[in-house]
Amino acid sequence: MVYTEKQMLQAWREALGLNVSLTEATVERTDGIDLDARLRRAMRAWYLDALDHGPLCHLVPEDVTAEVTEMLAAGPVTSTMEIPEAWRRMVSVQLAGWARPAVPVAAADAGLALERMASRYAAPGPAEPVAVVAGTSLICCPAAPRAACVLAVVDPGPELYRMSESLLGTIPTDLSLIDYVY
């Protein structure tokens, strides 16, 4: 589902018990805090954290195959590309000719895979492909000139929230949690 910033703000207000139930009476103050601004900052930080680290069952990965094919640079052993900033997490990569997709791993966790990719003779083949995220680069082995299927968790921008409805259940319900605002 895609939620607008206004819809997400409403969901946060409901989760925190901040919805006004009696609309006949009004109270005005001029010295208060801008609660909606604080909630917007907190919900944006919560959302970006969910995109980066949350369970994939709560997120909606996008097919970015066409974009990857345009950006992919194939070498003799590996294919590389720069990952756009909006792509918060690479979920699955399968280049043309690969027998199966690879789940991208961080360079810090790739160890032996990076060593194998450095050698044309020991490099992974199409039956056991490897994808490594090194900083803002994606390195894939074996090399291929185009992508077959690539999925990524993409940030749609500050005013939209694309996620499964189940992620709404992880909205903090304690006001003190928004004080260390994100």
# chains A, B, ... in the order shown; residues from 1 in each chain; ligands from 1
call {"tool": "closest_atom_pairs", "arguments": {"of": "region 7-66 of chain A", "to": "region 149-162 of chain A", "cutoff": "8 Å", "atoms": "only C-alpha atoms", "output": "Markdown table"}}
result
| residue | atom | partner | partner_atom | distance |
| --- | --- | --- | --- | --- |
| A:Met8 | CA | A:Tyr161 | CA | 7.5 |
| A:Arg44 | CA | A:Pro158 | CA | 7.1 |
| A:Tyr47 | CA | A:Tyr161 | CA | 7.5 |
| A:Leu48 | CA | A:Asp155 | CA | 7.7 |
| A:Leu51 | CA | A:Val153 | CA | 6.5 |
| A:Leu59 | CA | A:Val153 | CA | 7.4 |
| A:Val60 | CA | A:Arg162 | CA | 6.6 |
| A:Pro61 | CA | A:Val153 | CA | 4.6 |
| A:Glu62 | CA | A:Leu151 | CA | 5.4 |
| A:Asp63 | CA | A:Leu151 | CA | 4.7 |
| A:Val64 | CA | A:Val150 | CA | 5.6 |
| A:Thr65 | CA | A:Val150 | CA | 4.8 |
call {"tool": "write_last_selection", "arguments": {"atoms": "C-alpha atoms", "output": "JSON list (two decimals), in the first residue's frame"}}
result
[["chain", "number", "residue", "atom", "x", "y", "z"],
["A", 8, "MET", "CA", 0.65, 8.36, 7.90],
["A", 44, "ARG", "CA", 10.14, 9.64, 8.60],
["A", 47, "TYR", "CA", 10.12, 4.60, 8.04],
["A", 48, "LEU", "CA", 13.69, 4.93, 6.76],
["A", 51, "LEU", "CA", 13.34, 0.31, 4.89],
["A", 59, "LEU", "CA", 7.94, -3.91, 2.92],
["A", 60, "VAL", "CA", 7.10, -3.78, -0.77],
["A", 61, "PRO", "CA", 10.23, -4.38, -2.87],
["A", 62, "GLU", "CA", 10.11, -2.87, -6.35],
["A", 63, "ASP", "CA", 11.24, -4.38, -9.62],
["A", 64, "VAL", "CA", 14.14, -2.18, -10.73],
["A", 65, "THR", "CA", 15.39, -4.48, -13.49]]
call {"tool": "atom_distance", "arguments": {"atom1": "CA of Arg116 (chain A)", "atom2": "CA of Ala144 (chain A)"}}
result
16.9 Å
call {"tool": "select_by_dssp", "arguments": {"residues": "region 123-167 of chain A", "states": "strand (DSSP E or B)", "output": "JSON, numbers by chain"}}
result
{"A": [130, 131, 132, 133, 134, 137, 138, 139, 140, 141, 147, 148, 149, 150, 151, 152, 153, 154, 160, 161, 162]}
call {"tool": "write_last_selection", "arguments": {"atoms": "C-alpha atoms", "output": "PDB file, in the first residue's frame"}}
result
ATOM      1  CA  VAL A 130      27.279 -13.564  -5.978  1.00  0.00           C
ATOM      2  CA  ALA A 131      26.138  -9.965  -5.483  1.00  0.00           C
ATOM      3  CA  VAL A 132      28.016  -7.664  -3.101  1.00  0.00           C
ATOM      4  CA  VAL A 133      27.057  -4.175  -1.934  1.00  0.00           C
ATOM      5  CA  ALA A 134      30.249  -2.186  -1.390  1.00  0.00           C
ATOM      6  CA  SER A 137      28.232   0.109  -5.579  1.00  0.00           C
ATOM      7  CA  LEU A 138      26.743  -3.237  -6.508  1.00  0.00           C
ATOM      8  CA  ILE A 139      29.254  -5.821  -7.728  1.00  0.00           C
ATOM      9  CA  CYS A 140      27.880  -8.936  -9.409  1.00  0.00           C
ATOM     10  CA  CYS A 141      29.667 -12.092 -10.486  1.00  0.00           C
ATOM     11  CA  ALA A 147      19.683  -7.789 -15.635  1.00  0.00           C
ATOM     12  CA  ALA A 148      17.040 -10.531 -15.609  1.00  0.00           C
ATOM     13  CA  CYS A 149      15.300  -9.621 -12.339  1.00  0.00           C
ATOM     14  CA  VAL A 150      16.356  -7.175  -9.626  1.00  0.00           C
ATOM     15  CA  LEU A 151      14.315  -6.216  -6.577  1.00  0.00           C
ATOM     16  CA  ALA A 152      15.093  -3.311  -4.244  1.00  0.00           C
ATOM     17  CA  VAL A 153      13.441  -1.534  -1.341  1.00  0.00           C
ATOM     18  CA  VAL A 154      12.980   1.985  -2.675  1.00  0.00           C
ATOM     19  CA  LEU A 160       4.926   8.918   0.455  1.00  0.00           C
ATOM     20  CA  TYR A 161       5.168   5.717   2.467  1.00  0.00           C
ATOM     21  CA  ARG A 162       5.120   2.433   0.509  1.00  0.00           C
TER      22      ARG A 162
END
call {"tool": "residues_around", "arguments": {"residues": "Ala123 (chain A)", "least_positions_apart": "2", "cutoff": "12 Å", "atoms": "only C-alpha atoms", "output": "PyMOL selection string"}}
result
chain A and resi 76-78+112-121+125-131+140-143
call {"tool": "closest_residue", "arguments": {"among": "A:Glu82, A:Asp34, A:Val105, A:Thr170", "to": "Pro55 (chain A)", "atoms": "only C-alpha atoms"}}
result
A:Thr170
call {"tool": "select_by_dssp", "arguments": {"residues": "chain A", "states": "helix (DSSP H, G or I)", "output": "ChimeraX atom specification"}}
result
/A:5-15,35-53,56-58,65-71,107-110,112-117,165-170,175-178
call {"tool": "closest_residue", "arguments": {"among": "A:Ala99, A:Ala110, A:Ala73, A:Ala15", "to": "Ile171 (chain A)", "atoms": "only C-alpha atoms"}}
result
A:Ala15
